[in-house]
$ cat upload_36.tsv   # TSV, C-alpha atoms
chain	number	residue	atom	x	y	z
A	18	MET	CA	-19.75	-3.85	-0.61
A	19	ASN	CA	-16.65	-2.58	1.18
A	20	GLU	CA	-13.08	-3.67	0.53
A	21	LEU	CA	-12.94	-6.11	3.41
A	22	GLN	CA	-16.05	-7.88	2.21
A	23	LEU	CA	-14.63	-8.02	-1.30
A	24	ILE	CA	-11.39	-9.49	0.02
A	25	ASN	CA	-13.21	-12.11	2.09
A	26	ARG	CA	-15.38	-13.14	-0.82
A	27	ALA	CA	-12.43	-13.22	-3.20
A	28	ARG	CA	-10.51	-15.28	-0.67
A	29	ALA	CA	-13.35	-17.79	-0.77
A	30	GLY	CA	-12.99	-18.02	-4.54
A	31	ASP	CA	-15.47	-15.38	-5.72
A	32	GLY	CA	-14.04	-14.17	-9.05
A	33	GLU	CA	-16.53	-11.35	-9.33
A	34	ALA	CA	-15.41	-9.88	-6.02
A	35	PHE	CA	-11.81	-10.16	-7.14
A	36	GLY	CA	-12.73	-8.39	-10.38
A	37	ALA	CA	-13.98	-5.46	-8.32
A	38	LEU	CA	-10.65	-5.36	-6.50
A	39	VAL	CA	-8.79	-5.42	-9.82
A	40	GLU	CA	-10.86	-2.47	-11.02
A	41	GLN	CA	-10.11	-0.61	-7.81
A	42	TYR	CA	-6.34	-1.09	-7.90
A	43	ARG	CA	-5.51	-1.51	-11.58
A	44	ASP	CA	-4.25	2.04	-12.13
A	45	ASN	CA	-2.04	2.13	-9.05
A	46	VAL	CA	-0.63	-1.33	-9.71
A	47	TYR	CA	-0.02	-0.57	-13.36
A	48	ARG	CA	1.71	2.73	-12.61
A	49	LEU	CA	3.95	1.17	-9.99
A	50	ALA	CA	4.86	-1.57	-12.46
A	51	TYR	CA	5.49	1.08	-15.11
A	52	ARG	CA	7.93	2.93	-12.88
A	53	MET	CA	9.63	-0.32	-11.94
A	54	CYS	CA	9.96	-1.64	-15.49
A	55	GLY	CA	10.30	1.64	-17.35
A	56	ASN	CA	8.05	0.70	-20.26
A	57	ALA	CA	4.38	0.06	-20.94
A	58	HIS	CA	4.68	-3.45	-22.33
A	59	ASP	CA	6.50	-4.89	-19.34
A	60	ALA	CA	4.35	-2.86	-16.95
A	61	ASP	CA	1.22	-4.46	-18.40
A	62	GLU	CA	2.67	-7.93	-18.02
A	63	ALA	CA	4.00	-7.33	-14.49
A	64	ALA	CA	0.69	-5.82	-13.36
A	65	GLN	CA	-1.21	-8.83	-14.69
A	66	GLU	CA	1.23	-11.17	-12.98
A	67	ALA	CA	0.75	-9.28	-9.72
A	68	PHE	CA	-3.03	-9.69	-9.85
A	69	VAL	CA	-2.79	-13.37	-10.75
A	70	ALA	CA	-0.34	-13.90	-7.88
A	71	ALA	CA	-2.73	-12.08	-5.55
A	72	TRP	CA	-5.64	-14.27	-6.65
A	73	ARG	CA	-3.58	-17.40	-6.15
A	74	ALA	CA	-2.30	-16.42	-2.71
A	75	LEU	CA	-5.43	-14.73	-1.35
A	76	PRO	CA	-6.59	-17.71	0.74
A	77	ASN	CA	-3.37	-17.29	2.71
A	78	PHE	CA	-3.54	-13.49	2.98
A	79	ARG	CA	-3.80	-12.99	6.72
A	80	GLY	CA	-4.61	-9.30	6.70
A	81	GLU	CA	-1.58	-8.41	8.83
A	82	ALA	CA	-0.69	-5.73	6.28
A	83	LYS	CA	-3.16	-3.65	4.29
A	84	PHE	CA	-4.37	-5.31	1.11
A	85	SER	CA	-2.94	-2.45	-0.96
A	86	THR	CA	0.47	-2.78	0.70
A	87	TRP	CA	0.47	-6.51	0.06
A	88	LEU	CA	-0.56	-5.94	-3.54
A	89	TYR	CA	2.24	-3.39	-4.09
A	90	ARG	CA	4.72	-5.90	-2.77
A	91	LEU	CA	3.42	-8.49	-5.24
A	92	THR	CA	3.71	-5.88	-7.99
A	93	THR	CA	7.32	-4.98	-7.30
A	94	ASN	CA	8.15	-8.68	-7.03
A	95	ALA	CA	6.43	-9.40	-10.34
A	96	ALA	CA	8.28	-6.53	-12.00
A	97	ILE	CA	11.64	-7.66	-10.62
A	98	ASP	CA	10.98	-11.26	-11.70
A	99	LEU	CA	9.97	-10.14	-15.16
A	100	MET	CA	13.05	-7.98	-15.64
A	101	ARG	CA	15.35	-10.73	-14.43
A	102	ARG	CA	13.63	-13.41	-16.46
A	103	GLU	CA	13.53	-11.61	-19.74
A	104	LYS	CA	16.61	-9.44	-19.31
A	105	ARG	CA	14.62	-6.63	-20.74
A	106	HIS	CA	15.48	-3.93	-18.31
A	107	ARG	CA	14.95	-1.06	-20.67
A	108	THR	CA	14.62	2.62	-20.18
A	109	ALA	CA	11.79	4.53	-21.79
A	110	SER	CA	12.06	4.46	-25.56
A	111	GLU	CA	10.13	5.58	-28.64
A	112	GLU	CA	7.95	2.50	-28.68
A	113	ASP	CA	6.68	3.16	-25.16
A	114	VAL	CA	3.40	4.87	-24.54
A	115	PRO	CA	4.30	8.46	-23.67
A	116	GLU	CA	3.15	9.72	-20.31
A	117	LEU	CA	0.38	12.24	-20.44
A	118	ALA	CA	1.10	15.57	-18.82
A	119	ASP	CA	-1.54	17.36	-16.85
A	120	GLU	CA	-4.07	18.81	-19.27
A	121	THR	CA	-4.42	21.96	-17.22
A	122	ASP	CA	-0.78	22.82	-17.96
A	123	SER	CA	0.12	25.03	-20.88
A	124	PRO	CA	1.69	23.20	-23.87
A	125	GLN	CA	5.10	24.42	-22.77
A	126	GLN	CA	4.57	23.23	-19.21
A	127	GLN	CA	3.38	19.89	-20.53
A	128	VAL	CA	6.58	19.45	-22.52
A	129	GLU	CA	8.68	20.43	-19.53
A	130	ARG	CA	6.83	18.10	-17.17
A	131	THR	CA	7.19	15.22	-19.59
A	132	GLU	CA	10.91	15.94	-19.87
A	133	GLN	CA	11.23	16.05	-16.11
A	134	ARG	CA	9.49	12.72	-15.67
A	135	GLU	CA	11.54	11.08	-18.38
A	136	THR	CA	14.74	12.33	-16.79
A	137	VAL	CA	13.74	10.96	-13.41
A	138	GLN	CA	12.56	7.69	-14.97
A	139	LYS	CA	15.94	7.25	-16.66
A	140	ALA	CA	17.77	7.96	-13.43
A	141	LEU	CA	15.44	5.62	-11.58
A	142	SER	CA	16.04	2.85	-14.09
A	143	SER	CA	19.77	3.10	-13.46
A	144	LEU	CA	19.31	2.25	-9.78
A	145	SER	CA	19.22	-1.23	-8.31
A	146	GLU	CA	15.85	-2.94	-7.98
A	147	GLU	CA	16.00	-2.64	-4.21
A	148	TYR	CA	16.51	1.12	-4.33
A	149	ARG	CA	13.87	1.61	-7.01
A	150	GLU	CA	11.34	-0.43	-5.07
A	151	VAL	CA	11.77	1.47	-1.82
A	152	LEU	CA	11.75	4.89	-3.55
A	153	LEU	CA	8.55	4.10	-5.43
A	154	LEU	CA	6.74	2.75	-2.41
A	155	ARG	CA	7.66	5.88	-0.46
A	156	TYR	CA	7.31	8.69	-2.98
A	157	MET	CA	4.90	7.26	-5.51
A	158	GLN	CA	2.56	5.13	-3.39
A	159	GLU	CA	3.26	7.34	-0.35
A	160	LEU	CA	3.53	4.49	2.13
A	161	ASP	CA	5.07	5.28	5.48
A	162	TYR	CA	8.13	3.47	6.87
A	163	THR	CA	6.06	0.93	8.78
A	164	GLU	CA	4.00	0.05	5.74
A	165	ILE	CA	7.08	-0.29	3.57
A	166	ALA	CA	8.68	-2.45	6.25
A	167	ALA	CA	5.59	-4.67	6.26
A	168	ALA	CA	5.49	-4.82	2.47
A	169	LEU	CA	9.14	-5.72	2.09
A	170	SER	CA	9.42	-7.81	5.26
A	171	LEU	CA	12.25	-5.62	6.51
A	172	PRO	CA	12.88	-3.88	9.83
A	173	ALA	CA	11.79	-0.23	9.79
A	174	GLY	CA	15.37	0.87	10.48
A	175	THR	CA	16.58	-0.94	7.37
A	176	VAL	CA	13.87	0.72	5.32
A	177	LYS	CA	14.94	4.13	6.55
A	178	SER	CA	18.61	3.63	5.79
A	179	ARG	CA	17.89	2.00	2.43
A	180	LEU	CA	15.66	4.91	1.51
A	181	ASN	CA	18.37	7.40	2.39
A	182	ARG	CA	20.93	5.55	0.29
A	183	ALA	CA	18.43	5.25	-2.56
A	184	LYS	CA	17.74	8.99	-2.50
A	185	ALA	CA	21.44	9.77	-2.53
A	186	ALA	CA	21.96	7.38	-5.45
A	187	LEU	CA	19.08	8.92	-7.38
A	188	LYS	CA	20.36	12.42	-6.76
A	189	LYS	CA	23.78	11.37	-8.01
A	190	ALA	CA	22.26	9.76	-11.11
A	191	LEU	CA	20.25	12.92	-11.82
A	192	ILE	CA	23.31	15.12	-11.46
A	193	GLN	CA	25.30	12.84	-13.74
A	194	SER	CA	22.54	13.05	-16.34
A	195	GLY	CA	23.49	16.71	-16.71
A	196	ASN	CA	19.97	18.06	-16.40
A	197	PHE	CA	19.81	18.39	-12.69
A	198	PHE	CA	21.32	21.06	-10.49
A	199	PRO	CA	20.96	20.21	-6.84
A	200	GLY	CA	21.61	23.71	-5.56
A	201	GLU	CA	18.64	25.12	-7.48
A	202	ALA	CA	16.32	22.11	-7.42
A	203	VAL	CA	15.60	22.38	-11.09
A	204	ILE	CA	15.75	20.27	-14.15
A	205	HIS	CA	16.86	21.94	-17.34
A	206	THR	CA	15.02	20.61	-20.33
A	207	GLU	CA	17.10	20.18	-23.43
A	208	THR	CA	14.36	21.28	-25.78
A	209	ASN	CA	13.95	24.83	-24.67
A	210	GLY	CA	16.58	25.41	-22.02
A	211	LYS	CA	13.99	26.67	-19.57
A	212	GLU	CA	14.04	25.72	-15.97
A	213	VAL	CA	11.30	23.53	-14.57
B	23	MET	CA	19.00	21.13	-2.29
B	24	LYS	CA	17.09	20.87	0.92
B	25	GLU	CA	15.79	17.42	1.69
B	26	GLU	CA	12.13	18.44	1.75
B	27	ARG	CA	12.40	20.15	-1.62
B	28	PHE	CA	14.04	17.11	-3.14
B	29	GLU	CA	11.35	14.86	-1.70
B	30	GLN	CA	8.64	17.11	-3.06
B	31	PHE	CA	10.39	17.13	-6.41
B	32	LEU	CA	10.48	13.31	-6.35
B	33	LYS	CA	6.80	13.05	-5.58
B	34	GLU	CA	5.94	15.29	-8.49
B	35	ALA	CA	8.35	13.63	-10.87
B	36	LEU	CA	7.20	10.14	-9.94
B	37	ALA	CA	3.53	10.97	-10.28
B	38	CYS	CA	2.35	8.92	-13.17
B	39	ASP	CA	-0.55	9.42	-15.55
B	40	VAL	CA	-0.18	6.25	-17.58
B	41	GLN	CA	-3.09	3.86	-17.58
B	42	PRO	CA	-3.45	0.25	-18.56
B	43	GLY	CA	-5.42	-0.61	-21.69
B	44	ASP	CA	-9.21	-0.76	-21.57
B	45	ASP	CA	-9.17	-4.53	-21.77
B	46	PHE	CA	-6.72	-4.90	-18.88
B	47	THR	CA	-9.30	-6.10	-16.33
B	48	ALA	CA	-10.83	-8.52	-18.83
B	49	ARG	CA	-7.44	-10.03	-19.58
B	50	VAL	CA	-6.67	-10.40	-15.88
B	51	MET	CA	-10.04	-12.07	-15.30
B	52	ASP	CA	-9.43	-14.48	-18.17
B	53	ARG	CA	-6.17	-15.55	-16.58
B	54	ILE	CA	-7.77	-15.83	-13.17
B	55	ALA	CA	-10.50	-18.09	-14.51
B	56	ALA	CA	-7.77	-20.53	-15.48
B	57	THR	CA	-5.80	-20.16	-12.24
B	58	PRO	CA	-6.70	-22.18	-9.15
B	59	GLN	CA	-6.29	-20.59	-5.74
B	60	GLU	CA	-3.85	-22.01	-3.24
B	61	LEU	CA	-5.29	-24.10	-0.45
B	62	PRO	CA	-5.28	-22.30	2.88
B	63	LYS	CA	-2.20	-23.38	4.76
B	64	LYS	CA	-2.64	-24.88	8.18
B	65	ARG	CA	-0.51	-22.72	10.35
B	66	GLY	CA	1.04	-25.26	12.62
B	67	ALA	CA	4.18	-24.77	14.55
B	68	ASP	CA	6.87	-23.41	12.26
B	69	LYS	CA	10.59	-24.03	12.62
B	70	LYS	CA	11.09	-21.03	14.87
B	71	THR	CA	8.32	-22.15	17.20
B	72	LEU	CA	9.61	-25.70	17.29
B	73	ARG	CA	13.04	-24.36	18.19
B	74	ARG	CA	11.52	-22.34	21.04
B	75	MET	CA	9.67	-25.38	22.30
B	76	MET	CA	12.80	-27.48	22.18
B	77	THR	CA	14.69	-24.78	24.07
B	78	ALA	CA	11.98	-24.71	26.72
B	79	LEU	CA	12.08	-28.48	27.09
B	80	VAL	CA	15.86	-28.48	27.36
B	81	ALA	CA	15.65	-25.73	29.99
B	82	CYS	CA	13.13	-27.77	31.97
B	83	ALA	CA	15.31	-30.86	31.73
B	84	ALA	CA	18.28	-28.81	32.90
B	85	ILE	CA	16.31	-27.59	35.90
B	86	VAL	CA	15.31	-31.13	36.82
B	87	ILE	CA	18.83	-32.50	36.52
B	88	VAL	CA	21.29	-29.66	37.15
B	89	ILE	CA	19.77	-27.98	40.21
B	90	PRO	CA	19.69	-31.07	42.43
B	91	LEU	CA	23.20	-31.95	41.26
B	92	GLY	CA	24.40	-28.43	41.93
B	93	MET	CA	22.92	-28.48	45.40
B	94	LEU	CA	24.62	-31.74	46.18
B	95	MET	CA	27.93	-30.08	45.41
B	96	MET	CA	27.24	-26.89	47.43
B	97	PRO	CA	28.12	-26.20	51.04
B	98	LYS	CA	25.15	-27.10	53.21
B	99	GLY	CA	24.36	-23.59	54.43
B	100	ASN	CA	23.93	-22.15	50.96
B	101	ALA	CA	21.91	-24.97	49.52
B	102	ALA	CA	18.45	-23.93	50.64
B	103	LYS	CA	18.96	-20.30	49.60
B	104	ALA	CA	20.33	-21.31	46.21
B	105	ALA	CA	17.45	-23.70	45.65
B	106	ASP	CA	14.94	-20.98	46.34
B	107	CYS	CA	16.62	-18.51	43.94
B	108	ALA	CA	16.98	-21.10	41.23
B	109	MET	CA	13.35	-22.09	41.55
B	110	GLN	CA	12.22	-18.48	41.26
B	111	GLU	CA	14.31	-17.97	38.11
B	112	ALA	CA	13.05	-21.18	36.60
B	113	VAL	CA	9.43	-20.26	37.22
B	114	THR	CA	9.94	-16.77	35.73
B	115	GLU	CA	11.64	-18.16	32.62
B	116	SER	CA	8.92	-20.72	32.13
B	117	ALA	CA	6.25	-18.07	32.46
B	118	MET	CA	8.00	-15.87	29.87
B	119	GLU	CA	8.29	-18.78	27.46
B	120	ASP	CA	4.61	-19.51	27.96
B	121	CYS	CA	3.63	-15.91	27.18
B	122	ALA	CA	5.70	-15.81	24.00
B	123	ASP	CA	4.31	-19.09	22.80
B	124	MET	CA	0.74	-18.16	23.63
B	125	GLU	CA	1.04	-15.00	21.51
B	126	MET	CA	2.43	-16.92	18.56
B	127	PHE	CA	-0.34	-19.49	18.67
B	128	ALA	CA	-3.16	-17.05	19.33
B	129	ALA	CA	-4.62	-17.42	15.86
B	130	ASP	CA	-4.37	-21.14	15.56
B	131	ASP	CA	-6.38	-23.59	17.59
B	132	ALA	CA	-4.36	-26.63	16.74
B	133	ALA	CA	-1.15	-24.96	17.65
B	134	LEU	CA	-2.76	-23.56	20.76
B	135	ASP	CA	-3.55	-27.10	21.89
B	136	HIS	CA	0.07	-27.92	21.35
B	137	SER	CA	1.03	-24.95	23.45
B	138	ARG	CA	-1.31	-26.06	26.18
B	139	ASN	CA	0.38	-29.44	26.20
B	140	GLU	CA	3.66	-27.63	26.51
B	141	VAL	CA	2.33	-25.61	29.43
B	142	ALA	CA	1.29	-28.84	31.11
B	143	GLU	CA	4.73	-30.28	30.49
B	144	MET	CA	6.36	-27.19	31.88
B	145	GLU	CA	4.16	-27.23	34.94
B	146	ALA	CA	5.09	-30.84	35.48
B	147	ALA	CA	8.73	-29.95	35.05
B	148	ASP	CA	8.37	-27.02	37.44
B	149	ASP	CA	7.19	-29.41	40.09
B	150	ALA	CA	10.05	-31.75	39.55
B	151	PRO	CA	12.92	-29.84	41.18
B	152	THR	CA	11.02	-29.56	44.43
B	153	ASP	CA	10.68	-33.30	44.59
B	154	GLY	CA	14.22	-33.80	43.42
B	155	GLY	CA	15.48	-31.23	45.91
B	156	ALA	CA	13.58	-32.81	48.74
B	157	ALA	CA	15.16	-36.09	47.90
B	158	THR	CA	18.67	-34.70	48.36
B	159	PRO	CA	20.02	-34.67	51.91
B	160	THR	CA	21.44	-31.13	51.50
B	161	TYR	CA	18.03	-29.63	50.87
B	162	ASN	CA	16.39	-31.40	53.77
B	163	GLU	CA	19.17	-30.69	56.18
B	164	ALA	CA	18.97	-26.90	55.86
B	165	PRO	CA	18.49	-25.43	59.36
B	166	GLU	CA	14.81	-25.00	60.07
B	167	GLU	CA	15.17	-21.55	61.66
B	168	GLN	CA	16.97	-20.32	58.52
B	169	MET	CA	14.10	-21.51	56.33
B	170	ASP	CA	11.60	-19.74	58.59
B	171	GLN	CA	13.51	-16.50	58.41
B	172	MET	CA	13.58	-16.59	54.60
B	173	LYS	CA	9.82	-16.95	54.53
B	174	ALA	CA	9.36	-14.13	57.04
B	175	ASN	CA	11.43	-11.84	54.83
B	176	ALA	CA	8.85	-12.13	52.08
B	177	ALA	CA	5.72	-11.66	54.17
B	178	LEU	CA	4.97	-10.63	57.74
B	179	ILE	CA	1.71	-10.63	59.69
B	180	LEU	CA	1.29	-8.43	62.76
B	181	SER	CA	-1.74	-8.30	65.04
B	182	GLY	CA	-3.00	-6.59	68.15
B	183	ASP	CA	-1.37	-3.44	69.55
B	184	GLU	CA	1.71	-3.94	67.50
B	185	ALA	CA	-0.34	-3.91	64.31
B	186	ALA	CA	-2.21	-0.81	65.45
B	187	VAL	CA	1.08	1.03	66.08
B	188	VAL	CA	2.50	0.07	62.69
B	189	GLN	CA	-0.74	1.06	60.99
B	190	ALA	CA	-0.59	4.49	62.60
B	191	ILE	CA	3.00	4.95	61.45
B	192	LEU	CA	2.19	3.88	57.91
B	193	THR	CA	-0.76	6.25	57.81
B	194	GLU	CA	1.48	9.08	59.01
B	195	GLU	CA	3.98	8.20	56.32
B	196	ASN	CA	1.17	8.28	53.71
B	197	ILE	CA	1.77	4.68	52.73
B	198	ALA	CA	-1.50	3.29	51.42
B	199	PRO	CA	-2.53	-0.34	51.78
B	200	ILE	CA	-2.91	-2.42	48.66
B	201	PHE	CA	-5.78	-4.36	50.16
B	202	THR	CA	-8.21	-3.59	52.95
B	203	ASP	CA	-11.13	-5.46	54.43
B	204	GLU	CA	-12.84	-5.61	57.81
B	205	THR	CA	-10.17	-7.65	59.51
B	206	GLN	CA	-6.91	-6.77	57.86
B	207	GLN	CA	-4.87	-4.36	55.79
B	208	ARG	CA	-2.11	-5.45	53.45
B	209	TYR	CA	0.84	-3.30	52.43
B	210	LEU	CA	3.65	-3.72	49.95
B	211	LEU	CA	6.75	-2.06	51.34
B	212	THR	CA	9.99	-1.36	49.55
B	213	ALA	CA	13.28	-2.20	51.23
B	214	GLU	CA	13.72	1.49	52.01
B	215	GLN	CA	10.32	1.76	53.66
B	216	THR	CA	10.95	-1.43	55.60
B	217	ALA	CA	14.31	-0.10	56.80
B	218	GLN	CA	12.66	3.12	58.01
B	219	LEU	CA	10.01	1.15	59.78
B	220	HIS	CA	12.58	-1.15	61.29
B	221	GLU	CA	13.89	1.64	63.48
B	222	LEU	CA	10.46	1.95	65.06
B	223	VAL	CA	9.32	-1.66	64.92
B	224	PRO	CA	12.12	-4.06	65.81
B	225	GLU	CA	9.98	-7.01	64.77
B	226	LEU	CA	10.51	-6.10	61.15
B	227	VAL	CA	13.52	-7.85	59.79
B	228	ASP	CA	15.90	-5.81	57.68
B	229	MET	CA	15.60	-7.16	54.20
B	230	GLU	CA	16.16	-6.50	50.52
B	231	GLY	CA	13.27	-6.36	48.08
B	232	VAL	CA	9.58	-6.01	48.68
B	233	LEU	CA	7.92	-6.99	51.93
B	234	GLU	CA	4.27	-7.93	52.10
B	235	LEU	CA	3.06	-6.75	55.44
B	236	THR	CA	-0.37	-7.78	56.74
B	237	LEU	CA	-1.82	-5.98	59.73
B	238	GLU	CA	-4.68	-7.72	61.46
B	239	VAL	CA	-6.55	-4.70	62.72
B	240	ALA	CA	-10.30	-4.59	63.00
B	241	GLN	CA	-11.70	-1.54	61.22

$ encode --input "upload_36.tsv" --output "structure tokens"
Amino acid sequence: MNELQLINRARAGDGEAFGALVEQYRDNVYRLAYRMCGNAHDADEAAQEAFVAAWRALPNFRGEAKFSTWLYRLTTNAAIDLMRREKRHRTASEEDVPELADETDSPQQQVERTEQRETVQKALSSLSEEYREVLLLRYMQELDYTEIAAALSLPAGTVKSRLNRAKAALKKALIQSGNFFPGEAVIHTETNGKEV
Amino acid sequence: MKEERFEQFLKEALACDVQPGDDFTARVMDRIAATPQELPKKRGADKKTLRRMMTALVACAAIVIVIPLGMLMMPKGNAAKAADCAMQEAVTESAMEDCADMEMFAADDAALDHSRNEVAEMEAADDAPTDGGAATPTYNEAPEEQMDQMKANAALILSGDEAAVVQAILTEENIAPIFTDETQQRYLLTAEQTAQLHELVPELVDMEGVLELTLEVAQ
């Protein structure tokens, strides 16, 4: 059964079809929520909320945007709501599940990559929700401007300018973190002083 | 750092390997089992559409009331010309409103019916100024020859030798007809083409805009 058939059946109340959609998108939704929230616990909750919201609203999903785009919008909304509601906007900490580095990397590369991601995650967490949302949709989910515009209900021009401002803010946050040197495009890890 | 390199760096840094727990789907499904779906909303006319419809109705009302009043207040000679221009504008605006509304209602039958009613109302309103205009003395008293000339500026029919001459000229000028059958050929001429032709065919009236010229020439 293809995605459209699954969506149509789920829209008609078929839980099994919706389960298949959850299986298909759970990783992407969870990872987006993780980047938005900055920790595994909140990411899990936001991702669940996003799927429940999708199930609830599916009968009114008109298919004007792609299902995935619509789902990502629900995910960022759920993450933003969660952070506002619980005032638990945390950065990655010891209790969070550590990100796994690519197993094909050497141990040293794995450490460096983990450091790099943590640095970016911290910088990302310091940005406003609007900036974080647009950066993640563009560079994590790799949506184009039109898709982001559809997902966020914004004009494409606004998306473009917001993305530019978000990138500038992220760059500034990375530089301020002290591990980022824009001229060389590198992140210095504190553990071994090597460049990534 | 160059923009592309920074973007590439972002993509790599934002790539994420984390995964939800094994029981994630099961937990979602448990919650879904206890969550009812929303009822499909009937997509009737929303506020924006209602505003458009109101604007269209107000515009129609204005046409019915303001144009006859305006013509009453105008000098007699200009009244017929002004009426014709105003009518053309009104018809164009109504048609544009119709198109916009039809697009908005395309997916909704109920709303489409509403739109159709609106079209009917607009058509009725479009008819109104003509009646209203005819009722005013200014409109009726426009000189008859002036009215005839205005019509002739929009379309002209030539026949016989005259038509044959004009046809030959148009063929020489590489101006193709827009319609041809056994008895006639129809051309759409720009003001420039009409002006050129006017030097050779005095019957053509100098005019602005597009002239529909019909030549009754047996093929």

$ atom_distance --input "upload_36.tsv" --atom1 "atom CA of Met18 of chain A" --atom2 "atom CA of Ala167 of chain A"
26.3 Å

$ closest_residue --input "upload_36.tsv" --among "B:Ala55, B:Ala190, B:Val239, B:Ala177" --to "chain A" --atoms "all atoms listed in the file"
B:Ala55

$ interface_residues --input "upload_36.tsv" --of "chain B" --to "chain A" --cutoff "9 Å" --atoms "all atoms listed in the file" --output "VMD selection string"
chain B and resid 23 to 24 27 to 43 46 to 51 53 to 55 57 to 63

$ residues_around --input "upload_36.tsv" --residues "Ala183 of chain A" --least-positions-apart "5" --cutoff "10 Å" --atoms "only C-alpha atoms" --output "list of chain:residue names"
A:Leu141, A:Leu144, A:Ser145, A:Glu147, A:Tyr148, A:Arg149, A:Glu150, A:Val151, A:Leu152, A:Lys177, A:Ser178, A:Lys188, A:Lys189

$ residues_near_point --input "upload_36.tsv" --point "(-1.0, -2.8, -1.3)" --cutoff "10 Å" --atoms "only C-alpha atoms" --output "CSV table (one decimal) with C-alpha atoms, in the coordinates of the input"
chain,number,residue,atom,x,y,z
A,42,TYR,CA,-6.3,-1.1,-7.9
A,45,ASN,CA,-2.0,2.1,-9.0
A,46,VAL,CA,-0.6,-1.3,-9.7
A,82,ALA,CA,-0.7,-5.7,6.3
A,83,LYS,CA,-3.2,-3.6,4.3
A,84,PHE,CA,-4.4,-5.3,1.1
A,85,SER,CA,-2.9,-2.4,-1.0
A,86,THR,CA,0.5,-2.8,0.7
A,87,TRP,CA,0.5,-6.5,0.1
A,88,LEU,CA,-0.6,-5.9,-3.5
A,89,TYR,CA,2.2,-3.4,-4.1
A,90,ARG,CA,4.7,-5.9,-2.8
A,91,LEU,CA,3.4,-8.5,-5.2
A,92,THR,CA,3.7,-5.9,-8.0
A,154,LEU,CA,6.7,2.8,-2.4
A,158,GLN,CA,2.6,5.1,-3.4
A,160,LEU,CA,3.5,4.5,2.1
A,164,GLU,CA,4.0,0.0,5.7
A,165,ILE,CA,7.1,-0.3,3.6
A,168,ALA,CA,5.5,-4.8,2.5

$ decode --input "upload_36.tsv" --residues "segment 93-97 of chain B" --atoms "all heavy atoms" --output "PDB file, in the first residue's frame"
ATOM      1  N   MET B  93     -24.406  60.172 -14.862  1.00  0.00           N
ATOM      2  CA  MET B  93     -24.741  60.572 -16.224  1.00  0.00           C
ATOM      3  C   MET B  93     -25.738  61.724 -16.242  1.00  0.00           C
ATOM      4  O   MET B  93     -25.733  62.555 -17.137  1.00  0.00           O
ATOM      5  CB  MET B  93     -25.270  59.375 -17.001  1.00  0.00           C
ATOM      6  CG  MET B  93     -24.130  58.450 -17.414  1.00  0.00           C
ATOM      7  SD  MET B  93     -24.627  57.170 -18.529  1.00  0.00           S
ATOM      8  CE  MET B  93     -25.837  56.360 -17.572  1.00  0.00           C
ATOM      9  N   LEU B  94     -26.582  61.732 -15.238  1.00  0.00           N
ATOM     10  CA  LEU B  94     -27.535  62.837 -15.130  1.00  0.00           C
ATOM     11  C   LEU B  94     -26.806  64.154 -14.957  1.00  0.00           C
ATOM     12  O   LEU B  94     -27.235  65.198 -15.437  1.00  0.00           O
ATOM     13  CB  LEU B  94     -28.466  62.618 -13.929  1.00  0.00           C
ATOM     14  CG  LEU B  94     -29.707  61.771 -14.179  1.00  0.00           C
ATOM     15  CD1 LEU B  94     -30.429  61.508 -12.866  1.00  0.00           C
ATOM     16  CD2 LEU B  94     -30.647  62.473 -15.154  1.00  0.00           C
ATOM     17  N   MET B  95     -25.665  64.071 -14.244  1.00  0.00           N
ATOM     18  CA  MET B  95     -24.927  65.294 -13.928  1.00  0.00           C
ATOM     19  C   MET B  95     -23.935  65.681 -15.015  1.00  0.00           C
ATOM     20  O   MET B  95     -23.334  66.738 -14.962  1.00  0.00           O
ATOM     21  CB  MET B  95     -24.188  65.119 -12.592  1.00  0.00           C
ATOM     22  CG  MET B  95     -25.148  64.926 -11.427  1.00  0.00           C
ATOM     23  SD  MET B  95     -24.318  64.383  -9.963  1.00  0.00           S
ATOM     24  CE  MET B  95     -23.501  65.878  -9.481  1.00  0.00           C
ATOM     25  N   MET B  96     -23.729  64.824 -16.019  1.00  0.00           N
ATOM     26  CA  MET B  96     -22.727  65.105 -17.062  1.00  0.00           C
ATOM     27  C   MET B  96     -23.309  65.934 -18.190  1.00  0.00           C
ATOM     28  O   MET B  96     -24.509  65.885 -18.435  1.00  0.00           O
ATOM     29  CB  MET B  96     -22.246  63.788 -17.675  1.00  0.00           C
ATOM     30  CG  MET B  96     -21.072  63.198 -16.973  1.00  0.00           C
ATOM     31  SD  MET B  96     -20.497  61.824 -17.962  1.00  0.00           S
ATOM     32  CE  MET B  96     -19.051  61.424 -17.056  1.00  0.00           C
ATOM     33  N   PRO B  97     -22.409  66.633 -18.919  1.00  0.00           N
ATOM     34  CA  PRO B  97     -22.884  67.297 -20.141  1.00  0.00           C
ATOM     35  C   PRO B  97     -23.428  66.244 -21.108  1.00  0.00           C
ATOM     36  O   PRO B  97     -22.922  65.123 -21.140  1.00  0.00           O
ATOM     37  CB  PRO B  97     -21.633  67.946 -20.718  1.00  0.00           C
ATOM     38  CG  PRO B  97     -20.667  67.989 -19.595  1.00  0.00           C
ATOM     39  CD  PRO B  97     -21.016  66.900 -18.661  1.00  0.00           C
TER      40      PRO B  97
END
